[in-house]
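Q: PDB, C-alpha atoms, saved as work01.pdb, coming up:
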```pdb
ATOM      1  CA  MET Y   1      80.868  65.835 123.308  1.00  0.00           C
ATOM      2  CA  ALA Y   2      83.165  66.263 120.315  1.00  0.00           C
ATOM      3  CA  GLN Y   3      85.086  69.469 119.819  1.00  0.00           C
ATOM      4  CA  ILE Y   4      85.924  71.080 116.494  1.00  0.00           C
ATOM      5  CA  LYS Y   5      89.632  70.495 117.102  1.00  0.00           C
ATOM      6  CA  ASP Y   6      88.926  66.762 116.854  1.00  0.00           C
ATOM      7  CA  ASP Y   7      88.552  67.272 113.095  1.00  0.00           C
ATOM      8  CA  MET Y   8      91.640  69.480 112.814  1.00  0.00           C
ATOM      9  CA  LEU Y   9      95.430  69.210 112.944  1.00  0.00           C
ATOM     10  CA  LYS Y  10      97.606  71.017 115.459  1.00  0.00           C
ATOM     11  CA  PHE Y  11      99.350  73.888 113.650  1.00  0.00           C
ATOM     12  CA  LEU Y  12     101.073  75.793 116.471  1.00  0.00           C
ATOM     13  CA  THR Y  13     101.546  74.494 119.996  1.00  0.00           C
ATOM     14  CA  GLN Y  14     101.110  76.561 123.115  1.00  0.00           C
ATOM     15  CA  GLU Y  15     104.920  76.622 123.470  1.00  0.00           C
ATOM     16  CA  GLU Y  16     105.440  77.820 119.879  1.00  0.00           C
ATOM     17  CA  ILE Y  17     102.854  80.568 120.401  1.00  0.00           C
ATOM     18  CA  ALA Y  18     104.611  81.649 123.618  1.00  0.00           C
ATOM     19  CA  LYS Y  19     107.930  81.929 121.727  1.00  0.00           C
ATOM     20  CA  LEU Y  20     106.319  84.090 119.026  1.00  0.00           C
ATOM     21  CA  VAL Y  21     104.732  86.336 121.676  1.00  0.00           C
ATOM     22  CA  SER Y  22     108.068  86.696 123.493  1.00  0.00           C
ATOM     23  CA  LYS Y  23     109.876  87.566 120.246  1.00  0.00           C
ATOM     24  CA  LEU Y  24     107.297  90.232 119.386  1.00  0.00           C
ATOM     25  CA  ALA Y  25     107.341  91.619 122.927  1.00  0.00           C
ATOM     26  CA  ALA Y  26     111.132  91.992 122.816  1.00  0.00           C
ATOM     27  CA  GLN Y  27     110.960  93.868 119.500  1.00  0.00           C
ATOM     28  CA  ILE Y  28     108.213  96.192 120.744  1.00  0.00           C
ATOM     29  CA  GLU Y  29     109.905  96.823 124.080  1.00  0.00           C
ATOM     30  CA  ALA Y  30     113.164  97.748 122.311  1.00  0.00           C
ATOM     31  CA  ASP Y  31     111.369 100.083 119.883  1.00  0.00           C
ATOM     32  CA  TYR Y  32     109.392 101.875 122.615  1.00  0.00           C
ATOM     33  CA  GLU Y  33     112.009 101.933 125.370  1.00  0.00           C
ATOM     34  CA  GLY Y  34     111.151 104.500 128.025  1.00  0.00           C
ATOM     35  CA  ARG Y  35     107.718 105.267 126.555  1.00  0.00           C
ATOM     36  CA  GLU Y  36     104.162 104.400 127.509  1.00  0.00           C
ATOM     37  CA  LEU Y  37     102.133 102.220 125.159  1.00  0.00           C
ATOM     38  CA  ILE Y  38      98.405 102.052 124.625  1.00  0.00           C
ATOM     39  CA  PHE Y  39      97.253  98.669 123.365  1.00  0.00           C
ATOM     40  CA  ILE Y  40      94.044  98.568 121.355  1.00  0.00           C
ATOM     41  CA  CYS Y  41      92.465  95.121 121.444  1.00  0.00           C
ATOM     42  CA  PRO Y  42      89.795  94.365 118.829  1.00  0.00           C
ATOM     43  CA  LEU Y  43      87.262  92.056 120.441  1.00  0.00           C
ATOM     44  CA  ARG Y  44      86.844  89.152 120.553  1.00  0.00           C
ATOM     45  CA  GLY Y  45      89.682  87.290 118.887  1.00  0.00           C
ATOM     46  CA  SER Y  46      92.646  89.350 120.064  1.00  0.00           C
ATOM     47  CA  MET Y  47      92.012  89.160 123.797  1.00  0.00           C
ATOM     48  CA  HIS Y  48      94.293  86.151 124.428  1.00  0.00           C
ATOM     49  CA  PHE Y  49      97.170  87.571 122.378  1.00  0.00           C
ATOM     50  CA  THR Y  50      96.784  91.052 123.890  1.00  0.00           C
ATOM     51  CA  ALA Y  51      96.869  89.728 127.460  1.00  0.00           C
ATOM     52  CA  ASP Y  52      99.936  87.568 126.825  1.00  0.00           C
ATOM     53  CA  LEU Y  53     101.764  90.324 124.939  1.00  0.00           C
ATOM     54  CA  MET Y  54     101.076  92.923 127.632  1.00  0.00           C
ATOM     55  CA  ARG Y  55     102.421  90.621 130.350  1.00  0.00           C
ATOM     56  CA  LYS Y  56     105.688  90.225 128.403  1.00  0.00           C
ATOM     57  CA  ILE Y  57     106.280  93.950 127.821  1.00  0.00           C
ATOM     58  CA  ASN Y  58     107.861  95.722 130.764  1.00  0.00           C
ATOM     59  CA  LEU Y  59     106.831  99.284 129.892  1.00  0.00           C
ATOM     60  CA  PRO Y  60     104.150 101.611 131.241  1.00  0.00           C
ATOM     61  CA  GLN Y  61     100.957 100.642 129.443  1.00  0.00           C
ATOM     62  CA  GLN Y  62      97.213 100.936 129.133  1.00  0.00           C
ATOM     63  CA  VAL Y  63      94.704  98.868 127.211  1.00  0.00           C
ATOM     64  CA  ASP Y  64      91.405  99.661 125.567  1.00  0.00           C
ATOM     65  CA  PHE Y  65      88.962  97.502 123.663  1.00  0.00           C
ATOM     66  CA  VAL Y  66      87.029  98.030 120.454  1.00  0.00           C
ATOM     67  CA  PHE Y  67      84.422  95.984 118.682  1.00  0.00           C
ATOM     68  CA  VAL Y  68      84.365  96.365 114.919  1.00  0.00           C
ATOM     69  CA  GLN Y  69      82.001  94.341 112.758  1.00  0.00           C
ATOM     70  CA  SER Y  70      82.287  93.590 109.083  1.00  0.00           C
ATOM     71  CA  ILE Y  71      79.167  94.318 107.090  1.00  0.00           C
ATOM     72  CA  GLU Y  72      78.888  91.675 104.411  1.00  0.00           C
ATOM     73  CA  LYS Y  73      77.155  93.866 101.827  1.00  0.00           C
ATOM     74  CA  GLY Y  74      79.683  96.197 100.276  1.00  0.00           C
ATOM     75  CA  GLY Y  75      82.570  94.938 102.381  1.00  0.00           C
ATOM     76  CA  SER Y  76      82.418  97.830 104.843  1.00  0.00           C
ATOM     77  CA  SER Y  77      82.792  97.853 108.622  1.00  0.00           C
ATOM     78  CA  ARG Y  78      81.151  99.558 111.563  1.00  0.00           C
ATOM     79  CA  MET Y  79      82.314 100.169 115.087  1.00  0.00           C
ATOM     80  CA  THR Y  80      79.925  99.097 117.821  1.00  0.00           C
ATOM     81  CA  LYS Y  81      82.340  99.798 120.709  1.00  0.00           C
ATOM     82  CA  ASP Y  82      84.870 102.604 120.344  1.00  0.00           C
ATOM     83  CA  ILE Y  83      87.906 103.428 122.470  1.00  0.00           C
ATOM     84  CA  THR Y  84      87.419 105.286 125.743  1.00  0.00           C
ATOM     85  CA  ILE Y  85      91.056 106.331 126.296  1.00  0.00           C
ATOM     86  CA  ASN Y  86      92.280 109.613 124.837  1.00  0.00           C
ATOM     87  CA  ILE Y  87      95.062 108.551 122.439  1.00  0.00           C
ATOM     88  CA  THR Y  88      95.974 112.037 121.173  1.00  0.00           C
ATOM     89  CA  GLY Y  89      99.752 112.335 121.208  1.00  0.00           C
ATOM     90  CA  LYS Y  90     100.165 108.769 122.518  1.00  0.00           C
ATOM     91  CA  ASP Y  91     101.983 105.711 121.156  1.00  0.00           C
ATOM     92  CA  VAL Y  92      99.303 103.238 120.107  1.00  0.00           C
ATOM     93  CA  LEU Y  93      99.578  99.600 119.104  1.00  0.00           C
ATOM     94  CA  ILE Y  94      96.686  97.704 117.507  1.00  0.00           C
ATOM     95  CA  VAL Y  95      96.948  94.042 118.542  1.00  0.00           C
ATOM     96  CA  GLU Y  96      95.511  91.526 116.061  1.00  0.00           C
ATOM     97  CA  GLU Y  97      95.584  87.772 116.423  1.00  0.00           C
ATOM     98  CA  ILE Y  98      95.456  87.370 112.628  1.00  0.00           C
ATOM     99  CA  ILE Y  99      95.358  89.676 109.609  1.00  0.00           C
ATOM    100  CA  ASP Y 100      93.328  88.163 106.823  1.00  0.00           C
ATOM    101  CA  VAL Y 101      91.417  90.297 104.296  1.00  0.00           C
ATOM    102  CA  GLY Y 102      92.330  93.535 106.076  1.00  0.00           C
ATOM    103  CA  ARG Y 103      89.107  95.513 105.674  1.00  0.00           C
ATOM    104  CA  THR Y 104      88.181  95.667 109.345  1.00  0.00           C
ATOM    105  CA  LEU Y 105      91.754  96.432 110.401  1.00  0.00           C
ATOM    106  CA  ASN Y 106      92.009  99.180 107.783  1.00  0.00           C
ATOM    107  CA  PHE Y 107      88.756 100.674 109.090  1.00  0.00           C
ATOM    108  CA  LEU Y 108      90.044 100.572 112.676  1.00  0.00           C
ATOM    109  CA  LYS Y 109      93.416 102.056 111.754  1.00  0.00           C
ATOM    110  CA  ASN Y 110      91.780 104.960 109.901  1.00  0.00           C
ATOM    111  CA  ARG Y 111      89.394 105.549 112.817  1.00  0.00           C
ATOM    112  CA  LEU Y 112      92.266 105.684 115.332  1.00  0.00           C
ATOM    113  CA  LEU Y 113      94.316 108.013 113.130  1.00  0.00           C
ATOM    114  CA  THR Y 114      91.525 110.613 113.424  1.00  0.00           C
ATOM    115  CA  SER Y 115      92.443 110.878 117.121  1.00  0.00           C
ATOM    116  CA  ASN Y 116      95.967 112.057 116.234  1.00  0.00           C
ATOM    117  CA  PRO Y 117      98.144 109.556 118.100  1.00  0.00           C
ATOM    118  CA  ASN Y 118     101.898 110.202 118.238  1.00  0.00           C
ATOM    119  CA  SER Y 119     102.390 106.839 116.548  1.00  0.00           C
ATOM    120  CA  LEU Y 120     100.121 104.013 115.440  1.00  0.00           C
ATOM    121  CA  LYS Y 121     101.502 100.579 114.673  1.00  0.00           C
ATOM    122  CA  ILE Y 122     100.037  97.122 114.198  1.00  0.00           C
ATOM    123  CA  VAL Y 123     101.209  93.860 115.726  1.00  0.00           C
ATOM    124  CA  THR Y 124      99.818  90.521 114.592  1.00  0.00           C
ATOM    125  CA  LEU Y 125     100.502  86.999 115.725  1.00  0.00           C
ATOM    126  CA  LEU Y 126      99.608  85.547 112.308  1.00  0.00           C
ATOM    127  CA  ASP Y 127      99.676  87.240 108.925  1.00  0.00           C
ATOM    128  CA  LYS Y 128      97.803  85.718 105.989  1.00  0.00           C
ATOM    129  CA  PRO Y 129      98.780  87.950 103.028  1.00  0.00           C
ATOM    130  CA  ALA Y 130      97.304  85.607 100.388  1.00  0.00           C
ATOM    131  CA  ARG Y 131      93.804  86.802 101.347  1.00  0.00           C
ATOM    132  CA  ARG Y 132      94.574  90.522 101.623  1.00  0.00           C
ATOM    133  CA  GLU Y 133      92.157  92.797  99.767  1.00  0.00           C
ATOM    134  CA  LEU Y 134      93.652  96.080 100.980  1.00  0.00           C
ATOM    135  CA  PRO Y 135      97.318  97.103 101.151  1.00  0.00           C
ATOM    136  CA  ILE Y 136      97.498  97.060 104.949  1.00  0.00           C
ATOM    137  CA  ARG Y 137     100.560  95.672 106.627  1.00  0.00           C
ATOM    138  CA  ALA Y 138     101.590  94.910 110.193  1.00  0.00           C
ATOM    139  CA  ASP Y 139     104.670  96.502 111.703  1.00  0.00           C
ATOM    140  CA  TYR Y 140     105.318  93.424 113.859  1.00  0.00           C
ATOM    141  CA  ILE Y 141     104.521  89.925 112.564  1.00  0.00           C
ATOM    142  CA  GLY Y 142     104.811  86.739 114.595  1.00  0.00           C
ATOM    143  CA  LYS Y 143     104.421  84.304 111.707  1.00  0.00           C
ATOM    144  CA  THR Y 144     103.325  84.537 108.073  1.00  0.00           C
ATOM    145  CA  ILE Y 145     101.052  81.670 107.079  1.00  0.00           C
ATOM    146  CA  ASP Y 146      99.498  80.279 103.913  1.00  0.00           C
ATOM    147  CA  ASP Y 147      95.795  80.643 103.223  1.00  0.00           C
ATOM    148  CA  ARG Y 148      94.599  78.276 105.945  1.00  0.00           C
ATOM    149  CA  PHE Y 149      91.595  78.357 108.223  1.00  0.00           C
ATOM    150  CA  VAL Y 150      92.882  78.487 111.800  1.00  0.00           C
ATOM    151  CA  VAL Y 151      91.111  77.995 115.120  1.00  0.00           C
ATOM    152  CA  GLY Y 152      92.330  78.457 118.680  1.00  0.00           C
ATOM    153  CA  TYR Y 153      94.102  81.070 120.805  1.00  0.00           C
ATOM    154  CA  GLY Y 154      91.264  83.528 120.212  1.00  0.00           C
ATOM    155  CA  MET Y 155      90.429  82.514 116.639  1.00  0.00           C
ATOM    156  CA  ASP Y 156      87.107  80.778 116.192  1.00  0.00           C
ATOM    157  CA  SER Y 157      84.785  78.814 113.982  1.00  0.00           C
ATOM    158  CA  ASP Y 158      81.260  80.105 114.573  1.00  0.00           C
ATOM    159  CA  GLU Y 159      82.346  81.354 118.020  1.00  0.00           C
ATOM    160  CA  LYS Y 160      83.759  77.929 118.972  1.00  0.00           C
ATOM    161  CA  GLY Y 161      87.388  77.096 119.657  1.00  0.00           C
ATOM    162  CA  ARG Y 162      88.618  80.476 120.891  1.00  0.00           C
ATOM    163  CA  ASN Y 163      89.574  78.863 124.191  1.00  0.00           C
ATOM    164  CA  TYR Y 164      92.045  76.340 122.736  1.00  0.00           C
ATOM    165  CA  SER Y 165      95.612  76.897 123.933  1.00  0.00           C
ATOM    166  CA  ASP Y 166      97.026  75.583 120.641  1.00  0.00           C
ATOM    167  CA  ILE Y 167      96.176  76.709 117.103  1.00  0.00           C
ATOM    168  CA  TYR Y 168      94.630  74.189 114.724  1.00  0.00           C
ATOM    169  CA  VAL Y 169      94.093  73.976 110.969  1.00  0.00           C
ATOM    170  CA  LEU Y 170      91.524  72.041 108.958  1.00  0.00           C
ATOM    171  CA  LYS Y 171      92.599  68.599 107.809  1.00  0.00           C
ATOM    172  CA  ASN Y 172      93.120  68.480 104.034  1.00  0.00           C
TER     173      ASN Y 172
END
```
What do you get writing this file as structure tokens?
A:
Amino acid sequence: MAQIKDDMLKFLTQEEIAKLVSKLAAQIEADYEGRELIFICPLRGSMHFTADLMRKINLPQQVDFVFVQSIEKGGSSRMTKDITINITGKDVLIVEEIIDVGRTLNFLKNRLLTSNPNSLKIVTLLDKPARRELPIRADYIGKTIDDRFVVGYGMDSDEKGRNYSDIYVLKN
């Protein structure tokens, strides 16, 4: 059975991804030295990145998961699974595998800010600013990429390809 990666080109290898994750983890660990972090993982795409990042950061930490869906009409979003951890007064980090248009992330950020965290920052493995519709920016960026469709390491094409260890792009 053919896989979608058969029609794609390898963009980032598993080793290159691991280096980006380690670099981000070192930056975050230095910035939050001696503090506890709460990671917020938007499902489903960020689960791989969140798990790898958490394993690299040697600080007290917790994780919670949210599920935010984009609503095509009007470009709005809705939350179908909210956080369960009390983040009031805590240091919170939203972990995104990729920032594209930014609407859903902006919605999530605004929702979390209503809980009055001590700090709220965003980390992304990949940043695709060419597609941004809202002025939202990550505090920690693994790699800035051109406007390319990527699959693997949590990113999917119609729910397929999330399990790939490498990241692929469409052949031109």
Q: Do you know which residues are at most 6 Å from Y:Gly152 counting only C-alpha atoms, after dropping those on the same chain fewer than 4 positions away, and could you put them as a list in words?
A: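 Near neighbours after the sequence-gap exclusion: Gly161, Arg162, Tyr164, Asp166 and Ile167 of chain Y.
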Q: At a cut-off of 10 Å, can you tabulate as a tab-separated table every residue of stretch 73-159 of chain Y near stretch 27-49 of chain Y together with its closest atom pair and the distance in Å to one decimal, using only C-alpha atoms and ordering rows by chain then number?
A:
```
residue	atom	partner	partner_atom	distance
Y:Lys81	CA	Y:Leu43	CA	9.2
Y:Asp82	CA	Y:Pro42	CA	9.7
Y:Ile83	CA	Y:Ile40	CA	7.9
Y:Ile85	CA	Y:Ile38	CA	8.7
Y:Asn86	CA	Y:Ile38	CA	9.7
Y:Ile87	CA	Y:Ile38	CA	7.6
Y:Lys90	CA	Y:Ile38	CA	7.3
Y:Asp91	CA	Y:Leu37	CA	5.3
Y:Val92	CA	Y:Ile38	CA	4.8
Y:Leu93	CA	Y:Phe39	CA	4.9
Y:Ile94	CA	Y:Ile40	CA	4.7
Y:Val95	CA	Y:Cys41	CA	5.4
Y:Glu96	CA	Y:Ser46	CA	5.4
Y:Glu97	CA	Y:Ser46	CA	4.9
Y:Ile98	CA	Y:Ser46	CA	8.2
Y:Thr104	CA	Y:Pro42	CA	9.7
Y:Leu105	CA	Y:Pro42	CA	8.9
Y:Leu108	CA	Y:Pro42	CA	8.7
Y:Leu112	CA	Y:Ile40	CA	9.5
Y:Pro117	CA	Y:Ile38	CA	9.9
Y:Ser119	CA	Y:Leu37	CA	9.8
Y:Leu120	CA	Y:Ile38	CA	9.5
Y:Lys121	CA	Y:Phe39	CA	9.9
Y:Ile122	CA	Y:Ile40	CA	9.4
Y:Val123	CA	Y:Ile28	CA	8.9
Y:Thr124	CA	Y:Phe49	CA	8.7
Y:Leu125	CA	Y:Phe49	CA	7.5
Y:Asp139	CA	Y:Ile28	CA	9.7
Y:Tyr140	CA	Y:Ile28	CA	8.0
Y:Gly152	CA	Y:Gly45	CA	9.2
Y:Tyr153	CA	Y:His48	CA	6.2
Y:Gly154	CA	Y:Gly45	CA	4.3
Y:Met155	CA	Y:Gly45	CA	5.3
Y:Asp156	CA	Y:Gly45	CA	7.5
Y:Glu159	CA	Y:Arg44	CA	9.4
```
Q: Name every residue that the PyMOL selection byres ((chain Y and resi 129) around 12) selects in this structure, writing the answer as a PyMOL selection string with chains first and numbers rising.
A: chain Y and resi 98-102+124+126-128+130-138+141+143-148
Q: So that I have them on file, write out the residues from the current selection with C-alpha atoms, as a short mmCIF file (atom, residue, chain, number, x, y, z; two decimals), in the frame of the given file.
A:
```cif
data_model
loop_
_atom_site.label_atom_id
_atom_site.label_comp_id
_atom_site.auth_asym_id
_atom_site.auth_seq_id
_atom_site.Cartn_x
_atom_site.Cartn_y
_atom_site.Cartn_z
CA ILE Y 98 95.46 87.37 112.63
CA ILE Y 99 95.36 89.68 109.61
CA ASP Y 100 93.33 88.16 106.82
CA VAL Y 101 91.42 90.30 104.30
CA GLY Y 102 92.33 93.54 106.08
CA THR Y 124 99.82 90.52 114.59
CA LEU Y 126 99.61 85.55 112.31
CA ASP Y 127 99.68 87.24 108.92
CA LYS Y 128 97.80 85.72 105.99
CA ALA Y 130 97.30 85.61 100.39
CA ARG Y 131 93.80 86.80 101.35
CA ARG Y 132 94.57 90.52 101.62
CA GLU Y 133 92.16 92.80 99.77
CA LEU Y 134 93.65 96.08 100.98
CA PRO Y 135 97.32 97.10 101.15
CA ILE Y 136 97.50 97.06 104.95
CA ARG Y 137 100.56 95.67 106.63
CA ALA Y 138 101.59 94.91 110.19
CA ILE Y 141 104.52 89.92 112.56
CA LYS Y 143 104.42 84.30 111.71
CA THR Y 144 103.32 84.54 108.07
CA ILE Y 145 101.05 81.67 107.08
CA ASP Y 146 99.50 80.28 103.91
CA ASP Y 147 95.80 80.64 103.22
CA ARG Y 148 94.60 78.28 105.94
#
```
Q: Run the PyMOL selection byres ((chain Y and resi 3-11) around 8) against the file shown and list the residues it catches, as an MDAnalysis selection string.
A: chainID Y and resid 1:2 12:13 151 160:161 166:171
Q: Using atom CA of Y:Leu53 and atom CA of Y:Ser77 as the two end points, give the distance in Å to one decimal.
A: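 Separation of atom CA of Y:Leu53 and atom CA of Y:Ser77: 26.1 Å.
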Q: Rounded to one decimal, what separation in Å do you get between atom CA of Y:Asn118 and atom CA of Y:Thr88?
A: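 Between atom CA of Y:Asn118 and atom CA of Y:Thr88 the gap is 6.9 Å.
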Q: Interatomic distance between atom CA of Y:Ser22 and atom CA of Y:Ser165?
A: 15.9 Å
Q: Fix up stretch 61-91 of chain Y with N, CA and C atoms, then write it as a PDB file, in the frame of the given file.
A:
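What follows is the written file result.pdb:
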```
ATOM      1  N   GLN Y  61     101.927 100.978 130.477  1.00  0.00           N
ATOM      2  CA  GLN Y  61     100.957 100.642 129.443  1.00  0.00           C
ATOM      3  C   GLN Y  61      99.525 100.770 129.922  1.00  0.00           C
ATOM      4  N   GLN Y  62      98.658 100.938 128.930  1.00  0.00           N
ATOM      5  CA  GLN Y  62      97.213 100.936 129.133  1.00  0.00           C
ATOM      6  C   GLN Y  62      96.617 100.062 128.033  1.00  0.00           C
ATOM      7  N   VAL Y  63      95.396  99.649 128.233  1.00  0.00           N
ATOM      8  CA  VAL Y  63      94.704  98.868 127.211  1.00  0.00           C
ATOM      9  C   VAL Y  63      93.285  99.396 127.065  1.00  0.00           C
ATOM     10  N   ASP Y  64      92.800  99.345 125.833  1.00  0.00           N
ATOM     11  CA  ASP Y  64      91.405  99.661 125.567  1.00  0.00           C
ATOM     12  C   ASP Y  64      90.894  98.646 124.558  1.00  0.00           C
ATOM     13  N   PHE Y  65      89.586  98.513 124.502  1.00  0.00           N
ATOM     14  CA  PHE Y  65      88.962  97.502 123.663  1.00  0.00           C
ATOM     15  C   PHE Y  65      88.007  98.147 122.670  1.00  0.00           C
ATOM     16  N   VAL Y  66      87.973  97.589 121.481  1.00  0.00           N
ATOM     17  CA  VAL Y  66      87.029  98.030 120.454  1.00  0.00           C
ATOM     18  C   VAL Y  66      86.306  96.804 119.923  1.00  0.00           C
ATOM     19  N   PHE Y  67      85.149  97.047 119.364  1.00  0.00           N
ATOM     20  CA  PHE Y  67      84.422  95.984 118.682  1.00  0.00           C
ATOM     21  C   PHE Y  67      84.030  96.527 117.323  1.00  0.00           C
ATOM     22  N   VAL Y  68      84.622  95.945 116.293  1.00  0.00           N
ATOM     23  CA  VAL Y  68      84.365  96.365 114.919  1.00  0.00           C
ATOM     24  C   VAL Y  68      83.770  95.183 114.182  1.00  0.00           C
ATOM     25  N   GLN Y  69      82.660  95.405 113.508  1.00  0.00           N
ATOM     26  CA  GLN Y  69      82.001  94.341 112.758  1.00  0.00           C
ATOM     27  C   GLN Y  69      82.101  94.594 111.274  1.00  0.00           C
ATOM     28  N   SER Y  70      82.331  93.515 110.543  1.00  0.00           N
ATOM     29  CA  SER Y  70      82.287  93.590 109.083  1.00  0.00           C
ATOM     30  C   SER Y  70      80.839  93.545 108.656  1.00  0.00           C
ATOM     31  N   ILE Y  71      80.507  94.353 107.665  1.00  0.00           N
ATOM     32  CA  ILE Y  71      79.167  94.318 107.090  1.00  0.00           C
ATOM     33  C   ILE Y  71      79.312  93.639 105.741  1.00  0.00           C
ATOM     34  N   GLU Y  72      78.698  92.496 105.603  1.00  0.00           N
ATOM     35  CA  GLU Y  72      78.888  91.675 104.411  1.00  0.00           C
ATOM     36  C   GLU Y  72      78.599  92.426 103.112  1.00  0.00           C
ATOM     37  N   LYS Y  73      77.503  93.135 103.054  1.00  0.00           N
ATOM     38  CA  LYS Y  73      77.155  93.866 101.827  1.00  0.00           C
ATOM     39  C   LYS Y  73      78.091  95.048 101.654  1.00  0.00           C
ATOM     40  N   GLY Y  74      78.808  95.072 100.572  1.00  0.00           N
ATOM     41  CA  GLY Y  74      79.683  96.197 100.276  1.00  0.00           C
ATOM     42  C   GLY Y  74      81.052  96.114 100.919  1.00  0.00           C
ATOM     43  N   GLY Y  75      81.259  95.117 101.778  1.00  0.00           N
ATOM     44  CA  GLY Y  75      82.570  94.938 102.381  1.00  0.00           C
ATOM     45  C   GLY Y  75      82.997  96.044 103.322  1.00  0.00           C
ATOM     46  N   SER Y  76      82.052  96.745 103.932  1.00  0.00           N
ATOM     47  CA  SER Y  76      82.418  97.830 104.843  1.00  0.00           C
ATOM     48  C   SER Y  76      82.394  97.322 106.287  1.00  0.00           C
ATOM     49  N   SER Y  77      82.761  98.199 107.209  1.00  0.00           N
ATOM     50  CA  SER Y  77      82.792  97.853 108.622  1.00  0.00           C
ATOM     51  C   SER Y  77      82.094  98.933 109.424  1.00  0.00           C
ATOM     52  N   ARG Y  78      81.723  98.572 110.644  1.00  0.00           N
ATOM     53  CA  ARG Y  78      81.151  99.558 111.563  1.00  0.00           C
ATOM     54  C   ARG Y  78      81.653  99.256 112.963  1.00  0.00           C
ATOM     55  N   MET Y  79      81.811 100.297 113.734  1.00  0.00           N
ATOM     56  CA  MET Y  79      82.314 100.169 115.087  1.00  0.00           C
ATOM     57  C   MET Y  79      81.135 100.194 116.046  1.00  0.00           C
ATOM     58  N   THR Y  80      81.011  99.138 116.853  1.00  0.00           N
ATOM     59  CA  THR Y  80      79.925  99.097 117.821  1.00  0.00           C
ATOM     60  C   THR Y  80      80.415  99.396 119.239  1.00  0.00           C
ATOM     61  N   LYS Y  81      81.738  99.347 119.454  1.00  0.00           N
ATOM     62  CA  LYS Y  81      82.340  99.798 120.709  1.00  0.00           C
ATOM     63  C   LYS Y  81      83.639 100.504 120.369  1.00  0.00           C
ATOM     64  N   ASP Y  82      83.704 101.785 120.647  1.00  0.00           N
ATOM     65  CA  ASP Y  82      84.870 102.604 120.344  1.00  0.00           C
ATOM     66  C   ASP Y  82      85.789 102.671 121.561  1.00  0.00           C
ATOM     67  N   ILE Y  83      86.970 103.246 121.367  1.00  0.00           N
ATOM     68  CA  ILE Y  83      87.906 103.428 122.470  1.00  0.00           C
ATOM     69  C   ILE Y  83      87.350 104.444 123.469  1.00  0.00           C
ATOM     70  N   THR Y  84      87.817 104.327 124.706  1.00  0.00           N
ATOM     71  CA  THR Y  84      87.419 105.286 125.743  1.00  0.00           C
ATOM     72  C   THR Y  84      88.620 106.077 126.254  1.00  0.00           C
ATOM     73  N   ILE Y  85      89.826 105.641 125.901  1.00  0.00           N
ATOM     74  CA  ILE Y  85      91.056 106.331 126.296  1.00  0.00           C
ATOM     75  C   ILE Y  85      91.370 107.411 125.262  1.00  0.00           C
ATOM     76  N   ASN Y  86      91.836 108.553 125.737  1.00  0.00           N
ATOM     77  CA  ASN Y  86      92.280 109.613 124.837  1.00  0.00           C
ATOM     78  C   ASN Y  86      93.666 109.223 124.318  1.00  0.00           C
ATOM     79  N   ILE Y  87      93.783 108.988 123.017  1.00  0.00           N
ATOM     80  CA  ILE Y  87      95.062 108.551 122.439  1.00  0.00           C
ATOM     81  C   ILE Y  87      95.807 109.683 121.730  1.00  0.00           C
ATOM     82  N   THR Y  88      95.303 110.900 121.808  1.00  0.00           N
ATOM     83  CA  THR Y  88      95.974 112.037 121.173  1.00  0.00           C
ATOM     84  C   THR Y  88      97.387 112.182 121.728  1.00  0.00           C
ATOM     85  N   GLY Y  89      98.362 112.178 120.817  1.00  0.00           N
ATOM     86  CA  GLY Y  89      99.752 112.335 121.208  1.00  0.00           C
ATOM     87  C   GLY Y  89     100.375 111.109 121.857  1.00  0.00           C
ATOM     88  N   LYS Y  90      99.680 109.985 121.854  1.00  0.00           N
ATOM     89  CA  LYS Y  90     100.165 108.769 122.518  1.00  0.00           C
ATOM     90  C   LYS Y  90     100.695 107.765 121.488  1.00  0.00           C
ATOM     91  N   ASP Y  91     101.483 106.805 121.982  1.00  0.00           N
ATOM     92  CA  ASP Y  91     101.983 105.711 121.156  1.00  0.00           C
ATOM     93  C   ASP Y  91     101.000 104.545 121.264  1.00  0.00           C
TER      94      ASP Y  91
END
```
